[in-house]
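**Q** Hey, dropping final-v5.csv in here, CSV, C-alpha atoms:
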```csv
chain,number,residue,atom,x,y,z
A,275,MET,CA,-29.9,-7.7,26.9
A,276,ALA,CA,-32.4,-8.9,29.6
A,277,PHE,CA,-35.1,-9.0,26.9
A,278,SER,CA,-33.0,-11.2,24.6
A,279,LEU,CA,-32.2,-13.5,27.5
A,280,LEU,CA,-35.9,-13.8,28.4
A,281,TYR,CA,-36.8,-14.5,24.8
A,282,LEU,CA,-34.2,-17.2,24.5
A,283,GLY,CA,-35.3,-18.7,27.8
A,284,LEU,CA,-38.9,-18.8,26.7
A,285,CYS,CA,-37.9,-20.5,23.5
A,286,ARG,CA,-36.0,-23.2,25.4
A,287,ALA,CA,-38.8,-23.8,27.9
A,288,LEU,CA,-41.3,-24.1,25.1
A,289,SER,CA,-39.1,-26.5,23.2
A,290,LEU,CA,-38.7,-28.7,26.3
A,291,ILE,CA,-42.5,-28.8,26.7
A,292,VAL,CA,-43.1,-29.7,23.1
A,293,SER,CA,-40.4,-32.4,23.1
A,294,SER,CA,-41.9,-34.0,26.2
A,295,ARG,CA,-45.4,-33.8,25.0
A,296,CYS,CA,-45.1,-34.4,21.2
A,297,ARG,CA,-48.5,-36.0,21.1
A,298,GLU,CA,-50.3,-33.0,22.5
A,299,ALA,CA,-49.4,-30.6,19.8
A,300,ASP,CA,-53.1,-29.8,19.3
A,301,LYS,CA,-53.2,-28.3,22.8
A,302,ASP,CA,-50.3,-26.1,22.0
A,303,VAL,CA,-52.1,-24.7,19.0
A,304,GLU,CA,-55.2,-24.2,21.1
A,305,LEU,CA,-53.2,-22.1,23.6
A,306,VAL,CA,-52.0,-19.9,20.7
A,307,VAL,CA,-55.5,-19.4,19.5
A,308,LEU,CA,-56.7,-18.6,23.0
A,309,ARG,CA,-53.9,-16.1,23.4
A,310,GLN,CA,-55.0,-14.4,20.2
A,311,VAL,CA,-58.6,-14.3,21.5
A,312,ARG,CA,-57.5,-12.5,24.6
A,313,VAL,CA,-55.7,-10.0,22.5
A,314,LEU,CA,-59.0,-9.4,20.5
A,315,GLU,CA,-60.9,-9.0,23.7
A,316,ARG,CA,-58.6,-6.2,24.9
A,317,GLN,CA,-58.8,-4.3,21.6
A,318,LEU,CA,-62.5,-4.7,20.6
A,319,HIS,CA,-63.8,-2.4,17.8
A,320,ARG,CA,-60.3,-1.2,16.8
A,321,ARG,CA,-57.3,-2.5,14.8
A,322,VAL,CA,-55.5,-5.3,16.5
A,323,GLN,CA,-52.2,-4.1,18.1
A,324,TYR,CA,-49.8,-6.5,19.6
A,325,ARG,CA,-47.7,-5.5,22.6
A,326,PRO,CA,-44.0,-6.5,22.8
A,327,VAL,CA,-44.9,-9.4,25.1
A,328,ASP,CA,-47.5,-10.7,22.6
A,329,ARG,CA,-45.0,-10.5,19.8
A,330,THR,CA,-42.4,-12.3,21.8
A,331,LEU,CA,-44.7,-15.1,22.8
A,332,LEU,CA,-46.0,-15.6,19.3
A,333,ALA,CA,-42.5,-15.5,17.7
A,334,ALA,CA,-41.3,-18.1,20.2
A,335,LEU,CA,-44.3,-20.4,19.6
A,336,SER,CA,-43.9,-20.1,15.9
A,337,ARG,CA,-40.5,-21.8,16.1
A,338,LEU,CA,-42.1,-24.9,17.7
A,339,LEU,CA,-45.0,-25.4,15.2
A,340,PRO,CA,-44.7,-26.5,11.6
A,341,ARG,CA,-45.4,-23.9,9.1
A,342,GLU,CA,-48.6,-25.6,7.8
A,343,ARG,CA,-50.1,-25.0,11.3
A,344,TRP,CA,-49.3,-21.3,11.3
A,345,ARG,CA,-52.8,-20.6,9.8
A,346,ALA,CA,-54.1,-20.5,13.3
A,347,PHE,CA,-52.3,-17.2,14.0
A,348,LEU,CA,-54.0,-13.9,13.3
A,349,VAL,CA,-50.9,-12.6,11.6
A,350,THR,CA,-49.2,-13.6,8.4
A,351,LEU,CA,-46.1,-15.7,8.0
A,352,ALA,CA,-44.1,-12.6,7.0
A,353,THR,CA,-45.1,-10.8,10.2
A,354,LEU,CA,-44.0,-13.7,12.4
A,355,LEU,CA,-40.6,-13.9,10.7
A,356,ARG,CA,-40.2,-10.1,10.9
A,357,TRP,CA,-40.9,-10.2,14.7
A,358,HIS,CA,-38.3,-12.9,15.1
A,359,ARG,CA,-35.7,-10.9,13.1
A,360,GLU,CA,-36.5,-7.8,15.2
A,361,ALA,CA,-35.9,-9.7,18.4
A,362,GLY,CA,-32.5,-10.8,17.1
A,363,ARG,CA,-31.6,-7.3,16.1
A,364,ARG,CA,-32.6,-5.9,19.5
A,365,LYS,CA,-30.3,-8.4,21.1
A,366,TRP,CA,-27.3,-7.3,19.0
A,367,ARG,CA,-28.2,-3.6,19.5
A,368,VAL,CA,-28.1,-3.9,23.2
A,369,TRP,CA,-24.8,-5.9,23.0
A,370,ARG,CA,-23.2,-3.2,20.9
A,371,ARG,CA,-24.4,-0.4,23.2
A,372,ARG,CA,-22.8,-2.1,26.2
A,373,ARG,CA,-19.6,-3.1,24.4
A,374,GLY,CA,-19.3,0.3,22.6
A,375,PRO,CA,-19.6,1.0,18.9
A,376,GLY,CA,-16.8,0.2,16.5
A,377,ARG,CA,-13.2,-0.2,17.4
A,378,PRO,CA,-11.7,0.8,20.7
A,379,PRO,CA,-11.0,4.6,20.9
A,380,MET,CA,-7.6,6.0,20.0
A,381,SER,CA,-5.3,7.2,22.7
A,382,PRO,CA,-4.8,11.0,23.1
A,383,GLN,CA,-1.1,10.6,22.2
A,384,LEU,CA,-2.1,9.0,18.9
A,385,VAL,CA,-4.7,11.7,18.1
A,386,GLU,CA,-2.1,14.4,18.8
A,387,LEU,CA,0.4,12.7,16.6
A,388,ILE,CA,-2.1,12.4,13.7
A,389,VAL,CA,-3.0,16.1,14.0
A,390,ARG,CA,0.7,17.1,14.1
A,391,LEU,CA,1.5,15.1,11.0
A,392,GLY,CA,-1.5,16.7,9.2
A,393,ARG,CA,-0.6,20.2,10.3
A,394,GLU,CA,3.1,19.9,9.5
A,395,ASN,CA,2.6,18.2,6.1
A,396,ARG,CA,-0.3,19.9,4.4
A,397,THR,CA,0.0,17.8,1.2
A,398,TRP,CA,-0.3,14.5,2.9
A,399,GLY,CA,-3.6,12.7,2.7
A,400,CYS,CA,-5.1,10.2,5.2
A,401,VAL,CA,-3.5,7.2,3.4
A,402,ARG,CA,-0.1,8.9,3.4
A,403,ILE,CA,-0.4,9.6,7.1
A,404,GLN,CA,-1.5,6.0,7.6
A,405,GLY,CA,1.7,4.8,5.9
A,406,GLU,CA,3.8,7.1,7.9
A,407,LEU,CA,2.3,5.8,11.1
A,408,ARG,CA,2.8,2.2,10.0
A,409,LYS,CA,6.5,2.9,9.6
A,410,LEU,CA,6.5,3.8,13.3
A,411,GLY,CA,4.8,0.5,14.2
A,412,ILE,CA,1.3,2.1,14.7
A,413,ARG,CA,-1.6,0.5,12.8
A,414,VAL,CA,-4.6,2.7,12.3
A,415,GLY,CA,-7.2,2.9,9.5
A,416,ALA,CA,-7.3,5.6,6.9
A,417,THR,CA,-10.9,6.3,7.8
A,418,SER,CA,-9.9,6.9,11.5
A,419,VAL,CA,-7.2,9.3,10.3
A,420,ARG,CA,-9.6,11.2,8.2
A,421,ARG,CA,-12.1,11.4,11.1
A,422,VAL,CA,-9.5,12.8,13.4
A,423,LEU,CA,-8.3,15.4,10.9
A,424,ARG,CA,-11.8,16.6,10.2
A,425,ARG,CA,-12.6,16.8,13.9
A,426,HIS,CA,-9.6,19.2,14.4
A,427,GLY,CA,-10.5,21.4,11.5
A,428,GLN,CA,-8.2,19.9,8.9
A,429,GLY,CA,-9.9,19.0,5.6
A,430,PRO,CA,-8.7,16.8,2.8
A,431,ALA,CA,-5.2,17.3,1.3
A,432,PRO,CA,-3.9,19.6,0.1
A,433,ARG,CA,-4.7,21.7,3.2
A,434,GLY,CA,-3.2,24.9,1.8
A,435,GLY,CA,0.3,25.8,0.9
A,436,PRO,CA,3.3,26.4,3.2
A,437,THR,CA,3.5,29.5,5.3
A,438,TRP,CA,5.9,32.3,4.5
A,439,THR,CA,8.2,31.2,7.3
A,440,GLU,CA,8.3,27.6,6.0
A,441,PHE,CA,8.7,28.8,2.4
A,442,LEU,CA,11.6,31.1,3.2
A,443,ARG,CA,13.3,28.4,5.3
A,444,ALA,CA,13.0,25.9,2.6
A,445,GLN,CA,14.5,28.3,0.0
A,446,ALA,CA,17.3,29.5,2.4
A,447,LYS,CA,19.4,26.4,1.7
A,448,GLY,CA,21.9,27.3,-0.9
A,449,ILE,CA,21.4,31.1,-0.7
A,450,LEU,CA,24.5,33.2,-0.1
A,451,ALA,CA,24.4,37.0,0.4
A,452,THR,CA,27.5,39.2,0.0
A,453,ASP,CA,28.3,42.8,0.5
A,454,PHE,CA,31.1,45.4,1.2
A,455,PHE,CA,31.5,47.6,4.2
A,456,SER,CA,34.1,50.2,4.9
A,457,VAL,CA,36.2,50.9,8.0
A,458,GLY,CA,38.3,54.0,8.7
A,459,THR,CA,41.8,53.7,10.2
A,460,VAL,CA,43.6,55.9,12.7
A,461,LEU,CA,45.3,57.7,9.8
A,462,LEU,CA,41.9,58.3,8.1
A,463,LYS,CA,42.5,55.7,5.4
A,464,ARG,CA,39.5,53.8,4.2
A,465,LEU,CA,39.6,50.0,4.0
A,466,TYR,CA,37.0,47.8,2.3
A,467,VAL,CA,35.9,44.5,3.8
A,468,LEU,CA,34.2,41.9,1.7
A,469,PHE,CA,32.1,39.2,3.4
A,470,ALA,CA,29.5,36.6,2.7
A,471,ILE,CA,26.8,35.1,4.9
A,472,GLU,CA,24.8,31.9,4.4
A,473,HIS,CA,21.0,32.3,4.8
A,474,VAL,CA,20.2,28.8,6.2
A,475,SER,CA,22.9,28.8,9.0
A,476,ARG,CA,23.8,32.4,9.4
A,477,ARG,CA,27.5,31.4,9.0
A,478,ALA,CA,29.6,34.4,8.0
A,479,HIS,CA,32.7,34.3,5.9
A,480,LEU,CA,35.4,36.9,5.8
A,481,LEU,CA,36.5,37.0,2.2
A,482,GLY,CA,39.1,39.7,2.3
A,483,VAL,CA,40.3,43.2,3.4
A,484,THR,CA,41.8,45.6,0.9
A,485,ASP,CA,42.2,49.3,0.2
A,486,HIS,CA,41.7,48.8,-3.6
A,487,PRO,CA,38.8,46.4,-4.3
A,488,GLY,CA,39.5,45.8,-8.0
A,489,ASP,CA,38.6,43.1,-10.4
A,490,ALA,CA,41.5,40.8,-9.5
A,491,PHE,CA,40.7,41.0,-5.8
A,492,VAL,CA,37.0,40.1,-6.0
A,493,THR,CA,37.5,37.4,-8.5
A,494,GLN,CA,40.2,35.6,-6.4
A,495,VAL,CA,38.2,35.7,-3.2
A,496,ALA,CA,35.1,34.4,-5.1
A,497,ARG,CA,37.1,31.4,-6.3
A,498,ASP,CA,38.4,30.7,-2.8
A,499,LEU,CA,34.9,30.9,-1.3
A,500,VAL,CA,33.3,28.7,-4.0
A,501,GLY,CA,36.0,26.1,-3.5
A,502,ASP,CA,35.6,26.1,0.3
A,503,LEU,CA,31.9,25.7,0.2
A,504,ALA,CA,32.1,22.9,-2.3
A,505,GLU,CA,34.5,21.0,-0.1
A,506,ALA,CA,32.2,21.4,2.9
A,507,GLY,CA,29.2,20.1,0.9
A,508,ARG,CA,27.3,23.4,0.9
A,509,PRO,CA,27.1,24.4,-2.8
A,510,VAL,CA,25.8,27.8,-3.7
A,511,LYS,CA,22.5,28.0,-5.7
A,512,PHE,CA,21.7,31.7,-5.4
A,513,LEU,CA,24.0,34.7,-4.8
A,514,ILE,CA,22.4,37.9,-3.6
A,515,ARG,CA,24.3,41.1,-4.0
A,516,ASP,CA,23.6,44.8,-4.5
A,517,ARG,CA,24.5,46.8,-7.6
A,518,ASP,CA,27.9,48.1,-6.3
A,519,THR,CA,30.3,48.6,-9.2
A,520,LYS,CA,33.0,46.8,-7.1
A,521,PHE,CA,31.2,43.5,-8.1
A,522,THR,CA,32.6,43.0,-11.6
A,523,ALA,CA,31.5,40.6,-14.3
A,524,SER,CA,34.3,38.2,-13.6
A,525,PHE,CA,33.1,38.0,-10.0
A,526,ASP,CA,29.6,36.9,-11.1
A,527,GLU,CA,31.1,34.5,-13.7
A,528,VAL,CA,32.8,32.5,-11.0
A,529,PHE,CA,29.5,31.7,-9.3
A,530,ARG,CA,27.7,31.1,-12.6
A,531,SER,CA,30.4,28.6,-13.6
A,532,GLU,CA,29.4,26.6,-10.5
A,533,GLY,CA,25.7,26.6,-11.4
A,534,ALA,CA,24.7,29.4,-9.1
A,535,GLU,CA,22.3,32.2,-10.1
A,536,VAL,CA,23.4,35.8,-9.3
A,537,ILE,CA,20.4,37.9,-8.1
A,538,LYS,CA,21.0,41.7,-8.0
A,539,ALA,CA,19.0,43.7,-5.5
A,540,PRO,CA,16.9,46.6,-6.7
A,541,VAL,CA,18.4,50.1,-6.5
A,542,ARG,CA,18.2,51.7,-3.1
A,543,ALA,CA,16.5,48.6,-1.6
A,544,PRO,CA,18.6,47.4,1.3
A,545,GLN,CA,15.7,45.2,2.5
A,546,ALA,CA,16.3,43.0,-0.5
A,547,ASN,CA,19.6,42.0,1.0
A,548,ALA,CA,18.5,42.1,4.6
A,549,LEU,CA,20.8,39.5,6.2
A,550,ALA,CA,23.9,41.1,4.8
A,551,GLU,CA,22.8,44.6,5.9
A,552,ARG,CA,21.9,43.3,9.4
A,553,PHE,CA,25.3,41.7,9.7
A,554,VAL,CA,27.0,45.0,8.8
A,555,ARG,CA,25.2,46.7,11.6
A,556,THR,CA,26.1,43.8,14.0
A,557,VAL,CA,29.8,43.9,13.2
A,558,ARG,CA,29.9,47.7,13.5
A,559,THR,CA,28.1,47.9,16.9
A,560,GLU,CA,29.9,45.0,18.4
A,561,CYS,CA,33.4,45.3,17.0
A,562,VAL,CA,34.8,48.0,14.6
A,563,ASP,CA,33.0,51.0,16.2
A,564,TRP,CA,34.8,50.2,19.4
A,565,THR,CA,38.3,49.5,17.9
A,566,LEU,CA,41.0,51.9,16.7
A,567,VAL,CA,42.2,50.2,13.5
A,568,LEU,CA,45.9,50.7,12.8
A,569,GLY,CA,46.0,49.2,9.3
A,570,ARG,CA,44.9,46.4,7.0
A,571,ARG,CA,46.7,43.7,8.8
A,572,HIS,CA,45.3,44.8,12.1
A,573,LEU,CA,41.8,45.0,10.8
A,574,LYS,CA,42.1,41.6,9.3
A,575,ALA,CA,43.3,40.0,12.5
A,576,VAL,CA,40.4,41.7,14.5
A,577,LEU,CA,37.8,40.6,12.1
A,578,ARG,CA,39.1,37.0,12.0
A,579,GLU,CA,38.7,36.8,15.8
A,580,TYR,CA,35.2,38.4,15.6
A,581,PHE,CA,34.1,36.1,12.8
A,582,ARG,CA,35.2,33.1,14.8
A,583,HIS,CA,33.2,34.3,17.8
A,584,TYR,CA,30.2,35.1,15.5
A,585,ASN,CA,30.1,31.6,14.0
A,586,GLU,CA,31.0,29.5,17.1
A,587,GLN,CA,29.7,31.3,20.1
A,588,ARG,CA,27.1,34.0,19.4
A,589,PRO,CA,23.4,32.9,19.5
A,590,HIS,CA,21.1,34.1,16.8
A,591,ARG,CA,17.3,34.7,17.0
A,592,GLY,CA,16.9,33.7,13.3
A,593,ILE,CA,18.0,30.1,14.1
A,594,ASP,CA,16.2,29.7,17.4
A,595,LEU,CA,19.0,31.1,19.5
A,596,GLY,CA,21.5,28.6,18.1
A,597,VAL,CA,25.0,29.3,16.8
A,598,PRO,CA,25.9,29.1,13.1
A,599,ALA,CA,28.4,26.3,13.7
A,600,GLY,CA,25.6,24.1,15.0
A,601,ARG,CA,27.1,23.2,18.3
A,602,THR,CA,24.8,21.9,21.0
A,603,ALA,CA,25.0,22.4,24.8
A,604,PRO,CA,26.7,19.5,26.7
A,605,GLU,CA,24.4,17.2,28.7
A,606,GLY,CA,24.1,17.4,32.4
A,607,ARG,CA,22.8,19.9,34.9
A,608,SER,CA,25.7,22.3,35.6
A,609,GLU,CA,24.4,25.6,34.4
A,610,PHE,CA,26.2,27.6,37.1
A,611,ALA,CA,29.6,26.0,36.5
A,612,VAL,CA,30.6,28.5,33.8
A,613,HIS,CA,33.6,30.8,33.3
A,614,ARG,CA,34.1,33.9,31.2
A,615,HIS,CA,36.6,34.2,28.4
A,616,ASP,CA,37.4,37.5,26.7
A,617,VAL,CA,37.2,38.2,22.9
A,618,LEU,CA,38.9,41.1,21.2
A,619,GLY,CA,40.9,42.0,24.3
A,620,GLY,CA,37.9,42.1,26.6
A,621,LEU,CA,35.5,43.9,24.2
A,622,ILE,CA,33.1,40.9,24.3
A,623,HIS,CA,32.7,38.6,27.3
A,624,PRO,CA,31.0,35.3,26.3
A,625,THR,CA,30.7,32.4,28.7
A,626,ARG,CA,31.5,28.7,28.5
A,627,ARG,CA,30.7,25.6,30.6
A,628,ARG,CA,33.5,24.4,32.9
A,629,ILE,CA,34.5,20.8,32.3
A,630,ASP,CA,36.0,20.2,35.8
A,631,LEU,CA,32.8,21.7,37.5
A,632,GLY,CA,35.1,23.6,39.9
A,633,PRO,CA,34.6,27.2,41.1
A,634,ALA,CA,33.8,29.6,38.4
A,635,GLY,CA,36.3,32.4,37.7
A,636,ASP,CA,37.4,34.9,35.1
```
Here is the file; what I need is its structure written in the form of structure tokens.

**A**
Amino acid sequence: MAFSLLYLGLCRALSLIVSSRCREADKDVELVVLRQVRVLERQLHRRVQYRPVDRTLLAALSRLLPRERWRAFLVTLATLLRWHREAGRRKWRVWRRRRGPGRPPMSPQLVELIVRLGRENRTWGCVRIQGELRKLGIRVGATSVRRVLRRHGQGPAPRGGPTWTEFLRAQAKGILATDFFSVGTVLLKRLYVLFAIEHVSRRAHLLGVTDHPGDAFVTQVARDLVGDLAEAGRPVKFLIRDRDTKFTASFDEVFRSEGAEVIKAPVRAPQANALAERFVRTVRTECVDWTLVLGRRHLKAVLREYFRHYNEQRPHRGIDLGVPAGRTAPEGRSEFAVHRHDVLGGLIHPTRRRIDLGPAGD
């Protein structure tokens, strides 16, 4: 920067001298020739090499003399013009170095947002991410987005497919699993419980309790379930069940008529219907293994209460410790203002937030 200012000052001073002494232009040319002679005296018996100061002076003097007088210089016209261009480039190079190259840097928050969008959406390219940011009122170039993604190890789109967790969560919507489990009564009578559970929300449905699970029973409960889910806006796309003979052809036909596909698990492969099998273990360890069942009506009442607790109050690790009903905790810091309420006659003791923020009690 100092060099460019010195060069411009020298050009101005020389222009003032020439304008005030227009008739003495010959003396100016003589000064140039003498300057060149001094250069030759310093570099006798070798190739003439001009120092930066010499180049600056000659380039400045060349702006004040007409081109027909430039024959007095020891360099060609192209060389003088090149020196002048280099002086101009040096000025802008210093100015860019002080100002900083390119556009102002992006904030760390914007960089983190770009990396997050690229990581969570592997099929989005830099232009797609640029458009998504513009929707949020953030204007950034596609080249800047590409540079940020590459700096954080994310190449061009597509950056690989979804993970297994993302794939299963995307496919979970519309998947319904169903199964039977049996409960023995006090009089050693066996009752069969049919239930269904939604993969995406872990919401469980008690379909029926019977001692004779025939074709009419399973067909009727299937119709009721399909109708309830359709009214709630949660249609069934896939139904997973095992190969139990209690699931008749008419039971499958009810779901197929609604556009659902029935998927039968392989023989002796409970992992293929893991959610239903896990629910059976949960309902046994938390409810029926600790209850003396008197009969069908008693078991149905007990299971209704437990299913209500399961859907509305019990947290689940599969949905980030949320509840299937989707309820959220109330706002405000009053975590110690809770009270206990009993389920199944005191078999389970969940807690709730107190509204009046009074002393907690049973």

**Q** Take CA of Gly458 (chain A) and CA of Pro598 (chain A) and report the distance between them in Å, one decimal.

**A**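 For CA of Gly458 (chain A) relative to CA of Pro598 (chain A), the distance reads 28.2 Å.
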
**Q** Rank A:Ile388, A:Leu461, A:Pro540, A:Phe512 by their smallest atom-to-atom distance to Gly405 (chain A), using all atoms listed in the file, and report the top residue only.

**A**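 Answer, going by the shortest atom-to-atom distance: A:Ile388.
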
**Q** Pick the closest to Phe455 (chain A) from A:Glu551, A:Pro378, A:Arg396, A:Glu505: which is it, counting only C-alpha atoms?

**A**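 Under the stated criterion, the closest residue is A:Glu551.
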
**Q** So what do you get for CA of Asp616 (chain A) versus CA of Glu579 (chain A), distance-wise?

**A**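 Interatomic distance, CA of Asp616 (chain A) to CA of Glu579 (chain A): 11.0 Å.
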
**Q** Might you pull out every residue within 10 Å of Asp563 (chain A), with all atoms listed in the file counted and same-chain residues fewer than 4 positions away left off, and present them as a ChimeraX atom specification?

**A** /A:457-458,557-559,567

**Q** Mind listing as a PyMOL selection string all residues within 6 Å of (28.9, 27.8, 13.1), counting all atoms listed in the file?

**A** chain A and resi 477+585-586+597-600
